[in-house]
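Structure data (mmCIF, C-alpha atoms) from coords18.cif:
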```
data_run
#
loop_
_atom_site.label_atom_id
_atom_site.label_comp_id
_atom_site.auth_asym_id
_atom_site.auth_seq_id
_atom_site.Cartn_x
_atom_site.Cartn_y
_atom_site.Cartn_z
CA MET A 483 44.37 44.32 24.49
CA ILE A 484 43.75 44.08 28.25
CA THR A 485 42.75 47.34 29.92
CA LYS A 486 42.26 48.04 33.60
CA PRO A 487 38.63 48.28 34.75
CA LEU A 488 38.76 52.03 35.44
CA ALA A 489 40.81 52.97 32.38
CA GLY A 490 39.49 56.23 30.92
CA VAL A 491 38.05 57.47 34.23
CA ARG A 492 39.57 60.76 35.36
CA VAL A 493 39.58 61.64 39.06
CA LEU A 494 40.46 65.07 40.48
CA ASP A 495 41.77 64.46 43.98
CA LEU A 496 41.79 67.41 46.39
CA THR A 497 42.39 65.29 49.49
CA ARG A 498 45.42 64.99 51.73
CA LEU A 499 46.88 62.89 54.55
CA LEU A 500 45.44 59.35 54.72
CA PRO A 501 41.68 58.84 54.05
CA GLY A 502 41.06 60.42 50.63
CA PRO A 503 44.47 59.52 49.20
CA MET A 504 43.92 55.88 50.22
CA CYS A 505 40.56 55.94 48.43
CA THR A 506 42.07 57.37 45.25
CA LEU A 507 45.00 54.95 45.52
CA HIS A 508 42.58 52.08 44.97
CA LEU A 509 40.97 53.91 42.03
CA ALA A 510 44.39 54.63 40.53
CA ASP A 511 45.55 51.02 40.94
CA LEU A 512 42.41 49.95 39.08
CA GLY A 513 43.34 52.18 36.17
CA ALA A 514 41.78 55.60 36.84
CA ASP A 515 43.74 58.70 35.84
CA VAL A 516 44.00 60.28 39.29
CA ILE A 517 45.28 63.86 39.31
CA LYS A 518 46.46 64.73 42.80
CA ILE A 519 45.91 68.47 43.20
CA GLU A 520 47.86 70.22 45.96
CA ASP A 521 48.13 73.87 46.88
CA THR A 522 51.23 75.77 45.79
CA GLY A 523 52.48 76.06 49.37
CA ALA A 524 53.01 73.16 51.76
CA GLY A 525 50.76 70.83 49.78
CA ASP A 526 49.86 67.46 51.26
CA TYR A 527 51.26 67.34 54.82
CA ALA A 528 51.75 63.59 54.45
CA ARG A 529 54.77 64.25 52.22
CA THR A 530 56.97 64.84 55.27
CA LEU A 531 54.89 63.30 58.06
CA GLY A 532 57.19 61.99 60.80
CA THR A 533 60.34 61.95 58.67
CA PRO A 534 63.67 63.82 58.86
CA GLU A 535 63.85 67.10 56.96
CA GLY A 536 64.46 66.65 53.27
CA THR A 537 63.06 63.11 53.07
CA ILE A 538 59.73 61.85 51.77
CA ALA A 539 57.45 59.98 54.15
CA PRO A 540 57.02 56.29 53.26
CA VAL A 541 53.28 56.58 53.89
CA PHE A 542 53.04 59.28 51.21
CA LEU A 543 54.94 57.15 48.73
CA ALA A 544 52.75 54.14 49.51
CA ILE A 545 49.37 55.80 49.05
CA ASN A 546 50.06 58.16 46.17
CA ARG A 547 51.57 55.84 43.55
CA ASN A 548 49.98 55.61 40.11
CA LYS A 549 48.79 59.23 40.33
CA ARG A 550 49.80 62.38 38.53
CA GLY A 551 50.68 65.48 40.53
CA MET A 552 49.47 69.03 39.99
CA THR A 553 49.69 72.21 42.06
CA LEU A 554 46.89 74.77 41.90
CA ASP A 555 46.10 77.84 43.99
CA LEU A 556 42.34 77.73 44.41
CA LYS A 557 42.39 81.03 46.29
CA LYS A 558 43.12 82.79 43.00
CA PRO A 559 40.47 83.29 40.28
CA ASP A 560 42.74 81.80 37.62
CA GLY A 561 43.20 78.72 39.79
CA VAL A 562 39.45 78.25 40.14
CA GLU A 563 39.02 78.75 36.40
CA LEU A 564 41.63 76.10 35.67
CA PHE A 565 40.05 73.67 38.11
CA LEU A 566 36.66 74.04 36.43
CA GLU A 567 38.31 73.51 33.05
CA LEU A 568 39.76 70.29 34.41
CA ALA A 569 36.41 69.32 35.89
CA ARG A 570 34.84 69.45 32.44
CA THR A 571 37.12 66.57 31.47
CA ALA A 572 36.71 64.59 34.70
CA HIS A 573 34.35 61.91 35.93
CA VAL A 574 35.03 62.24 39.67
CA VAL A 575 35.98 64.99 42.09
CA ILE A 576 36.90 64.01 45.65
CA GLU A 577 37.58 66.46 48.46
CA GLY A 578 38.28 66.21 52.18
CA PHE A 579 37.95 69.76 53.48
CA ARG A 580 35.64 70.83 56.26
CA PRO A 581 32.05 71.36 55.12
CA GLY A 582 31.58 74.58 53.17
CA VAL A 583 35.23 75.20 52.27
CA VAL A 584 35.00 74.10 48.63
CA ASP A 585 31.88 76.22 48.15
CA ARG A 586 33.67 79.29 49.47
CA LEU A 587 36.56 78.56 47.11
CA GLY A 588 34.17 78.30 44.15
CA VAL A 589 34.85 74.63 43.37
CA GLY A 590 31.97 72.97 45.24
CA TYR A 591 29.48 70.52 43.80
CA GLU A 592 27.08 73.08 42.35
CA ALA A 593 29.89 74.94 40.57
CA VAL A 594 31.32 71.73 39.13
CA LYS A 595 27.92 70.30 38.20
CA ALA A 596 27.19 73.49 36.27
CA VAL A 597 30.07 72.70 33.88
CA ASN A 598 29.76 68.89 34.03
CA PRO A 599 26.34 67.46 34.96
CA ALA A 600 27.70 63.89 34.88
CA ILE A 601 30.26 64.54 37.60
CA VAL A 602 30.43 62.30 40.66
CA TYR A 603 31.45 64.59 43.50
CA CYS A 604 32.50 62.94 46.75
CA ALA A 605 33.01 64.86 49.99
CA ILE A 606 34.79 63.08 52.85
CA SER A 607 34.54 64.63 56.31
CA GLY A 608 34.56 63.52 59.91
CA TYR A 609 30.85 63.85 60.61
CA GLY A 610 29.23 64.60 57.27
CA GLN A 611 27.90 67.74 55.62
CA THR A 612 24.91 68.05 57.98
CA GLY A 613 24.19 67.69 61.69
CA PRO A 614 25.45 69.48 64.81
CA TYR A 615 28.97 68.00 64.58
CA ARG A 616 29.56 68.88 60.92
CA ASP A 617 32.01 71.72 61.65
CA LEU A 618 33.99 69.99 64.40
CA ALA A 619 37.64 69.15 63.90
CA GLY A 620 38.65 65.56 64.45
CA HIS A 621 40.95 62.68 63.68
CA ASP A 622 40.64 58.91 63.53
CA LEU A 623 40.60 58.52 67.33
CA ASN A 624 37.73 60.99 67.65
CA TYR A 625 35.62 59.35 64.93
CA ASN A 626 36.15 55.88 66.38
CA SER A 627 35.32 57.14 69.86
CA LEU A 628 32.10 58.87 68.89
CA ALA A 629 31.07 55.77 66.90
CA GLY A 630 31.36 53.55 69.97
CA LEU A 631 34.38 51.58 68.74
CA THR A 632 37.15 52.85 71.03
CA GLU A 633 35.11 51.99 74.12
CA GLN A 634 35.05 48.37 72.98
CA ILE A 635 38.79 47.96 72.28
CA GLY A 636 40.98 46.66 75.08
CA ALA A 637 41.30 43.97 77.71
CA ALA A 638 38.72 43.21 80.38
CA ASP A 639 38.97 45.57 83.36
CA GLY A 640 41.38 47.78 81.43
CA ASP A 641 41.14 51.16 79.76
CA PRO A 642 40.29 51.61 76.08
CA VAL A 643 43.35 51.35 73.85
CA ILE A 644 44.31 53.02 70.58
CA PRO A 645 45.03 50.52 67.79
CA ASN A 646 47.89 51.30 65.44
CA PHE A 647 45.46 51.02 62.56
CA GLN A 648 43.26 53.94 61.55
CA VAL A 649 39.87 52.25 61.36
CA ALA A 650 37.76 55.34 60.63
CA ASP A 651 40.28 56.82 58.19
CA ILE A 652 40.53 53.59 56.21
CA LEU A 653 37.03 52.13 56.49
CA GLY A 654 35.05 55.37 56.60
CA GLY A 655 37.44 57.57 54.66
CA ALA A 656 38.67 55.22 51.92
CA VAL A 657 36.60 52.06 51.49
CA VAL A 658 33.14 53.62 51.92
CA PRO A 659 33.89 56.58 49.60
CA ALA A 660 35.26 54.22 46.95
CA MET A 661 32.06 52.18 47.17
CA GLY A 662 29.90 55.30 46.82
CA ILE A 663 31.97 56.69 43.95
CA LEU A 664 31.85 53.45 41.97
CA ALA A 665 28.09 53.10 42.49
CA ALA A 666 27.48 56.69 41.35
CA LEU A 667 29.84 56.23 38.39
CA PHE A 668 27.92 53.15 37.28
CA ASP A 669 24.67 55.09 37.43
CA ALA A 670 26.14 58.10 35.63
CA GLN A 671 27.14 55.82 32.74
CA ARG A 672 23.48 54.81 32.38
CA THR A 673 21.80 58.16 32.98
CA GLY A 674 24.35 60.82 32.09
CA THR A 675 23.72 62.45 35.47
CA GLY A 676 26.19 62.43 38.32
CA ARG A 677 25.62 62.47 42.06
CA TYR A 678 26.89 64.12 45.22
CA VAL A 679 28.34 61.56 47.65
CA ASP A 680 28.48 62.75 51.28
CA VAL A 681 30.66 60.44 53.42
CA ALA A 682 31.15 60.80 57.18
CA MET A 683 34.11 58.81 58.48
CA SER A 684 32.44 58.34 61.86
CA GLU A 685 29.42 56.79 60.13
CA GLY A 686 31.70 54.47 58.18
CA VAL A 687 32.64 52.94 61.53
CA LEU A 688 29.15 53.09 63.04
CA ALA A 689 27.45 51.45 60.07
CA HIS A 690 29.68 48.38 60.39
CA HIS A 691 29.48 48.10 64.19
CA VAL A 692 27.06 45.19 63.97
CA GLN A 693 28.25 43.19 66.99
CA ALA A 694 27.50 46.10 69.29
CA LEU A 695 24.20 46.69 67.51
CA SER A 696 23.23 43.07 68.09
CA ALA A 697 24.13 43.25 71.80
CA VAL A 698 22.04 46.38 72.31
CA ALA A 699 19.11 44.84 70.44
CA LEU A 700 19.24 41.68 72.58
CA GLU A 701 20.28 43.03 75.98
CA GLY A 702 19.88 46.80 75.86
CA LYS A 703 23.64 47.47 76.17
CA VAL A 704 27.00 46.26 74.93
CA ARG A 705 29.02 43.83 76.98
CA PRO A 706 32.00 45.25 78.87
CA ARG A 707 35.38 45.45 77.17
CA GLY A 708 36.81 41.97 76.72
CA GLY A 709 33.53 40.37 77.70
CA ASP A 710 31.91 39.46 74.41
CA LEU A 711 32.13 36.34 72.30
CA LEU A 712 34.60 37.95 69.89
CA SER A 713 36.54 40.14 72.33
CA GLY A 714 38.15 37.64 74.69
CA ARG A 715 35.39 36.22 76.87
CA GLU A 716 35.79 32.69 75.53
CA ALA A 717 38.78 30.38 75.82
CA CYS A 718 38.25 29.34 72.20
CA TYR A 719 38.64 32.90 70.85
CA ARG A 720 41.52 34.45 72.65
CA ILE A 721 45.21 35.41 72.52
CA TYR A 722 47.69 33.45 74.59
CA ARG A 723 51.24 34.42 75.60
CA THR A 724 54.09 32.03 74.80
CA SER A 725 57.26 31.40 76.78
CA ASP A 726 59.33 33.79 74.60
CA GLY A 727 56.96 36.70 75.07
CA ARG A 728 55.25 36.17 71.72
CA HIS A 729 51.61 35.20 71.28
CA MET A 730 49.31 32.69 69.61
CA ALA A 731 45.81 33.52 68.37
CA VAL A 732 43.16 30.86 68.97
CA GLY A 733 40.04 31.45 66.89
CA ALA A 734 38.29 28.10 67.35
CA LEU A 735 34.71 29.36 67.40
CA GLU A 736 33.30 26.12 66.01
CA ALA A 737 33.20 23.11 68.36
CA LYS A 738 35.04 20.89 65.88
CA PHE A 739 37.99 23.29 65.86
CA TRP A 740 37.97 23.67 69.64
CA ASN A 741 38.00 19.93 70.08
CA GLU A 742 41.08 19.75 67.85
CA VAL A 743 42.80 22.46 69.88
CA CYS A 744 42.13 20.56 73.09
CA ASP A 745 43.63 17.42 71.58
CA VAL A 746 46.77 19.21 70.36
CA VAL A 747 47.46 20.77 73.79
CA GLY A 748 46.73 17.46 75.52
CA ARG A 749 43.62 18.56 77.39
CA PRO A 750 40.62 16.74 75.90
CA ASP A 751 38.83 17.32 79.23
CA LEU A 752 38.40 21.00 78.25
CA LYS A 753 36.14 20.21 75.29
CA PRO A 754 32.91 20.76 77.30
CA ASN A 755 34.07 24.31 78.14
CA HIS A 756 33.26 25.53 74.62
CA TRP A 757 30.63 28.25 74.37
CA ALA A 758 28.43 26.20 72.02
CA ALA A 759 28.16 23.52 74.72
CA GLY A 760 27.25 26.10 77.34
CA GLY A 761 30.47 25.45 79.22
CA ASP A 762 32.25 27.80 81.60
CA PRO A 763 35.23 29.35 79.73
CA ALA A 764 37.10 30.47 82.87
CA PRO A 765 38.77 27.13 83.75
CA ALA A 766 39.82 26.63 80.13
CA ILE A 767 41.30 30.13 79.97
CA VAL A 768 43.37 29.50 83.07
CA ALA A 769 44.52 26.12 81.72
CA LEU A 770 45.46 27.43 78.27
CA ASP A 771 47.26 30.46 79.73
CA ALA A 772 49.53 28.03 81.59
CA ILE A 773 49.90 25.58 78.70
CA PHE A 774 50.84 28.13 76.03
CA ALA A 775 53.38 29.67 78.43
CA THR A 776 55.39 26.44 78.38
CA ARG A 777 56.64 26.71 74.78
CA THR A 778 57.91 29.36 72.39
CA GLN A 779 55.77 30.68 69.59
CA ALA A 780 57.83 28.77 67.02
CA GLU A 781 57.33 25.55 68.98
CA TRP A 782 53.58 26.08 69.07
CA VAL A 783 53.50 26.82 65.36
CA GLU A 784 55.19 23.49 64.79
CA ALA A 785 52.86 21.71 67.22
CA PHE A 786 49.78 22.96 65.35
CA ARG A 787 51.22 22.32 61.89
CA GLY A 788 48.85 20.05 59.99
CA HIS A 789 45.98 20.75 62.41
CA ASP A 790 43.41 22.96 60.68
CA CYS A 791 41.76 24.44 63.77
CA CYS A 792 42.10 28.23 63.49
CA VAL A 793 45.29 28.69 65.50
CA THR A 794 47.88 31.11 64.14
CA PRO A 795 50.92 33.00 65.40
CA VAL A 796 50.50 36.69 66.19
CA GLN A 797 53.01 38.05 63.69
CA ALA A 798 54.89 41.33 63.75
CA PHE A 799 54.46 43.39 60.59
CA GLU A 800 58.15 43.19 59.70
CA GLU A 801 57.81 39.41 59.48
CA LEU A 802 55.07 39.54 56.87
CA PRO A 803 57.11 40.00 53.67
CA ALA A 804 58.64 36.58 54.32
CA ASP A 805 55.30 34.89 55.00
CA PRO A 806 54.70 32.26 52.28
CA GLN A 807 51.06 33.25 51.84
CA HIS A 808 51.93 36.88 51.15
CA ILE A 809 54.75 35.80 48.86
CA ALA A 810 52.37 33.57 46.89
CA ARG A 811 49.84 36.39 46.53
CA GLY A 812 52.47 39.05 45.81
CA MET A 813 51.20 41.38 48.54
CA PHE A 814 54.54 43.15 49.02
CA VAL A 815 56.14 44.91 46.08
CA ARG A 816 59.24 47.04 45.68
CA ALA A 817 58.97 49.93 43.27
CA PRO A 818 61.64 52.47 42.29
CA HIS A 819 61.27 56.14 43.18
CA PRO A 820 63.60 58.81 41.74
CA GLU A 821 64.34 60.28 45.19
CA ALA A 822 63.58 57.55 47.71
CA GLY A 823 65.08 54.59 45.83
CA GLU A 824 63.40 51.19 46.13
CA VAL A 825 60.17 51.62 48.09
CA LEU A 826 58.40 48.73 49.82
CA GLN A 827 54.66 48.91 49.20
CA LEU A 828 51.50 46.83 49.48
CA LYS A 829 49.61 45.91 46.34
CA LEU A 830 45.90 46.27 45.66
CA PRO A 831 44.25 43.73 48.00
CA MET A 832 42.38 41.71 45.39
CA GLU A 833 42.91 39.54 42.36
CA MET A 834 40.83 40.09 39.22
CA SER A 835 40.62 38.27 35.93
CA ASP A 836 42.29 40.03 32.99
CA TYR A 837 43.99 42.44 35.39
CA THR A 838 47.52 42.59 36.70
CA PHE A 839 48.53 44.96 39.46
CA GLU A 840 51.54 47.13 38.73
CA VAL A 841 53.14 50.32 39.95
CA GLU A 842 53.12 52.28 36.71
CA ARG A 843 54.35 55.51 38.22
CA PRO A 844 55.78 56.46 41.64
CA ALA A 845 54.13 59.00 43.92
CA PRO A 846 54.42 62.34 42.12
CA ARG A 847 56.59 65.23 43.16
CA SER A 848 54.66 68.37 44.00
CA GLY A 849 53.37 69.77 40.71
CA GLU A 850 55.34 67.22 38.70
CA HIS A 851 52.77 66.97 35.92
CA ASN A 852 51.58 70.58 35.77
CA VAL A 853 52.74 71.26 32.23
CA GLU A 854 51.65 67.86 30.93
CA ILE A 855 48.11 68.24 32.31
CA LEU A 856 47.72 71.84 31.20
CA ARG A 857 48.83 70.99 27.67
CA GLU A 858 46.23 68.19 27.63
CA LEU A 859 43.65 70.90 28.40
CA GLY A 860 44.88 72.84 25.39
CA VAL A 861 46.48 75.62 27.44
CA PRO A 862 49.19 77.28 25.28
CA ASP A 863 52.73 77.42 26.57
CA ASP A 864 52.79 81.21 26.97
CA ARG A 865 49.75 81.01 29.28
CA ILE A 866 51.36 78.15 31.21
CA GLU A 867 54.43 80.32 31.75
CA ALA A 868 52.25 83.21 32.93
CA LEU A 869 50.40 80.92 35.35
CA GLN A 870 53.70 79.70 36.73
CA ARG A 871 55.02 83.26 37.20
CA ALA A 872 51.82 84.18 39.04
CA ARG A 873 52.12 81.08 41.27
CA VAL A 874 48.68 79.89 40.18
CA VAL A 875 50.25 76.49 39.44
#
```
Rewrite the coordinates I just gave you, this time as structure tokens.
Amino acid sequence: MITKPLAGVRVLDLTRLLPGPMCTLHLADLGADVIKIEDTGAGDYARTLGTPEGTIAPVFLAINRNKRGMTLDLKKPDGVELFLELARTAHVVIEGFRPGVVDRLGVGYEAVKAVNPAIVYCAISGYGQTGPYRDLAGHDLNYNSLAGLTEQIGAADGDPVIPNFQVADILGGAVVPAMGILAALFDAQRTGTGRYVDVAMSEGVLAHHVQALSAVALEGKVRPRGGDLLSGREACYRIYRTSDGRHMAVGALEAKFWNEVCDVVGRPDLKPNHWAAGGDPAPAIVALDAIFATRTQAEWVEAFRGHDCCVTPVQAFEELPADPQHIARGMFVRAPHPEAGEVLQLKLPMEMSDYTFEVERPAPRSGEHNVEILRELGVPDDRIEALQRARVV
């Protein structure tokens, strides 16, 4: 019988919005029993983020599949007691409150460790549990900005721009925590002792900002926006506008690829302008700006077909489900939801032997699995009814 790699691992998820839920999405897709715990009031704000009243936000549906849903009022003693009962059965707790909140509620690391020494307890925050910024509010834009990333994004001589991709939330708030959790879980299996994992989303960006680090090490400062090898300085690594207002991405960093590009566009004289040859990129940029503007994106795609030289169309997201590569890899899936109907989602971004991705359950309704989870804990039905009357669950 094939089992998923995290089958048998129970995760108590106290997070909301994007970072933590994206982290636990990956754990759930890999087989963990993720219990999404929301308060008994508004719950996770992502449920209705940016959608008409009475509808569920697509982002919530996309990042909370394969999880079970529970409501719990941690401001009530019975709620704290129930959480600690659950923690005895869990392997991971993950929270995304401001530093100190879970301790004040009575469900912080020390309280959980007291009932389950093997617990892996992960705290995700903007700036970490220590340091002068620890209590500051923030969002993705703030974390990217304080990590030096926002200053680097944009065209030469222009202002910084905000990408429609939450780098800190995803890299620092989902990928890095998942890495820390899995490492601590592996160690807990060997030693029987868990760990506290303190993740700062701003550091998740900073720790991977190696191009800027290299520039500072070599020259004492970063190059201006749009002025580095990988940010638009070179003709061989740049975006060009086509005649229909679309764009082509040229990523010909290696001389052999650049030479091929020059041949395809009919300008072999531009080959010496490659960075590896010490050539001046400016004349080549001017030439390619004019050349790419003579044809549509589709015409350029056809012109480069069969030429393996790192030239691709800049695609709009809505075009991607029809892309043959994504079709072959099954990146887009449609899964039924009892309220939202067929929901378009993205699968786990990896293939693994003896593992098949599937949406086993849709994103849970608020408190959908309360009774099921409480019965698993051995809570009798009369107590469950009393907890429901008291709005503890």
In the coordinate frame of the file, compute which residues have an atom within 10 Å of (31.7, 64.3, 36.9) when using only C-alpha atoms, and state them as a ChimeraX atom specification.
/A:491-494,569-575,591,594-595,597-604,666-667,670,674-678
Dump of C-alpha atoms for the selected residues, as a CSV table (one decimal), in the frame of the given file:
```csv
chain,number,residue,atom,x,y,z
A,491,VAL,CA,38.0,57.5,34.2
A,492,ARG,CA,39.6,60.8,35.4
A,493,VAL,CA,39.6,61.6,39.1
A,494,LEU,CA,40.5,65.1,40.5
A,569,ALA,CA,36.4,69.3,35.9
A,570,ARG,CA,34.8,69.4,32.4
A,571,THR,CA,37.1,66.6,31.5
A,572,ALA,CA,36.7,64.6,34.7
A,573,HIS,CA,34.4,61.9,35.9
A,574,VAL,CA,35.0,62.2,39.7
A,575,VAL,CA,36.0,65.0,42.1
A,591,TYR,CA,29.5,70.5,43.8
A,594,VAL,CA,31.3,71.7,39.1
A,595,LYS,CA,27.9,70.3,38.2
A,597,VAL,CA,30.1,72.7,33.9
A,598,ASN,CA,29.8,68.9,34.0
A,599,PRO,CA,26.3,67.5,35.0
A,600,ALA,CA,27.7,63.9,34.9
A,601,ILE,CA,30.3,64.5,37.6
A,602,VAL,CA,30.4,62.3,40.7
A,603,TYR,CA,31.4,64.6,43.5
A,604,CYS,CA,32.5,62.9,46.8
A,666,ALA,CA,27.5,56.7,41.4
A,667,LEU,CA,29.8,56.2,38.4
A,670,ALA,CA,26.1,58.1,35.6
A,674,GLY,CA,24.4,60.8,32.1
A,675,THR,CA,23.7,62.4,35.5
A,676,GLY,CA,26.2,62.4,38.3
A,677,ARG,CA,25.6,62.5,42.1
A,678,TYR,CA,26.9,64.1,45.2
```
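Residues matched by the PyMOL selection byres ((chain A and resi 821-836) around 9) in this file are Ile484, Thr485, Lys486, Leu507, His508, Asp511, Leu512, Thr537, Ile538, Pro540, Leu543, Ala544, Ile545, Arg811, Gly812, Met813, Phe814, Val815, Arg816, Ala817, Pro818, His819, Pro820, Tyr837, Thr838, Phe839, Glu840 and Val841 of chain A.
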Ground truth for the PyMOL selection byres ((chain A and resi 651) around 8), written as a PDB file with C-alpha atoms, keeping the file's coordinate frame:
```
ATOM      1  CA  LEU A 500      45.440  59.350  54.720  1.00  0.00           C
ATOM      2  CA  PRO A 501      41.680  58.840  54.050  1.00  0.00           C
ATOM      3  CA  ASP A 622      40.640  58.910  63.530  1.00  0.00           C
ATOM      4  CA  GLN A 648      43.260  53.940  61.550  1.00  0.00           C
ATOM      5  CA  VAL A 649      39.870  52.250  61.360  1.00  0.00           C
ATOM      6  CA  ALA A 650      37.760  55.340  60.630  1.00  0.00           C
ATOM      7  CA  ILE A 652      40.530  53.590  56.210  1.00  0.00           C
ATOM      8  CA  LEU A 653      37.030  52.130  56.490  1.00  0.00           C
ATOM      9  CA  GLY A 654      35.050  55.370  56.600  1.00  0.00           C
ATOM     10  CA  GLY A 655      37.440  57.570  54.660  1.00  0.00           C
ATOM     11  CA  ALA A 656      38.670  55.220  51.920  1.00  0.00           C
ATOM     12  CA  MET A 683      34.110  58.810  58.480  1.00  0.00           C
TER      13      MET A 683
END
```
CA of Glu563 (chain A) and CA of Leu587 (chain A) are how many Å apart?
11.0 Å
Considering all atoms listed in the file, can you say which of A:Ala510, A:Leu631, A:Leu618, A:Ala845 comes closest to Asp526 (chain A)?
A:Ala845
Going by the chain IDs and residue numbers used in this file, which residues fall under the PyMOL selection byres ((chain A and resi 639) around 8)? Write them as an mmCIF file with C-alpha atoms, in the frame of the given file.
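Result file is result.cif:
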```
data_model
loop_
_atom_site.group_PDB
_atom_site.id
_atom_site.type_symbol
_atom_site.label_atom_id
_atom_site.label_comp_id
_atom_site.auth_asym_id
_atom_site.auth_seq_id
_atom_site.Cartn_x
_atom_site.Cartn_y
_atom_site.Cartn_z
ATOM 1 C CA ALA A 637 41.300 43.970 77.710
ATOM 2 C CA ALA A 638 38.720 43.210 80.380
ATOM 3 C CA GLY A 640 41.380 47.780 81.430
ATOM 4 C CA ASP A 641 41.140 51.160 79.760
ATOM 5 C CA ARG A 707 35.380 45.450 77.170
ATOM 6 C CA GLY A 708 36.810 41.970 76.720
#
```
Near-region 781-784 of chain A list (12 Å; only C-alpha atoms; drop same-chain fewer than 5 positions) as a list in words:
Tyr722, Arg723, Thr724, Ser725, Asp726, Arg728, His729, Met730, Ala731, Val732, Val743, Val746, Val747, Ile773, Phe774, Ala775, Thr776, His789, Asp790, Cys792, Val793, Thr794, Pro795, Val796 and Gln797 of chain A
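Across the model, the gap from CA of Val681 (chain A) to CA of Leu568 (chain A) is 23.3 Å.
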Between CA of Ala682 (chain A) and CA of Gly608 (chain A), distance in Å (one decimal):
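Taking CA of Ala682 (chain A) as the start and CA of Gly608 (chain A) as the end point, the length is 5.1 Å.
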Show me as an NGL selection string the residues that reach within 12 Å of (34.9, 73.4, 46.1), counting all atoms listed in the file and using the file's own coordinates.
:A and (494-497 or 556-557 or 561-563 or 565-566 or 569 or 575-595 or 603-605)
What's the 9 Å shell around region 854-870 of chain A, counting all atoms listed in the file, without same-chain residues fewer than 2 positions away, as a list in words?
Ile517, Arg550, Met552, Asp560, Gly561, Leu564, Glu567, Leu568, Thr571, Glu850, His851, Asn852, Ala872, Arg873, Val874 and Val875 of chain A
Quick one: 4 Å padding each side, axis-aligned, all listed atoms of region 504-517 of chain A - centre and edge lengths in Å to one decimal, as lines of an AutoDock Vina configuration file?
```
center_x = 43.1
center_y = 56.9
center_z = 43.0
size_x = 13.0
size_y = 21.9
size_z = 22.4
```
Considering all atoms listed in the file, return as a list in words whatever protein or nucleic-acid residues lie within 7 Å of Ala737 (chain A), sequence-local ones (same chain, fewer than 4 positions apart) excluded.
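Neighbouring residues, sequence-local ones excluded: Asn741, His756 and Ala758 of chain A.
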Restricting the calculation to all atoms listed in the file: of A:Ser848, A:Leu711, A:Ala697, A:Gly662, which residue gets closest to Ala524 (chain A)?
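With all atoms listed in the file as the atom set, the closest residue is A:Ser848.
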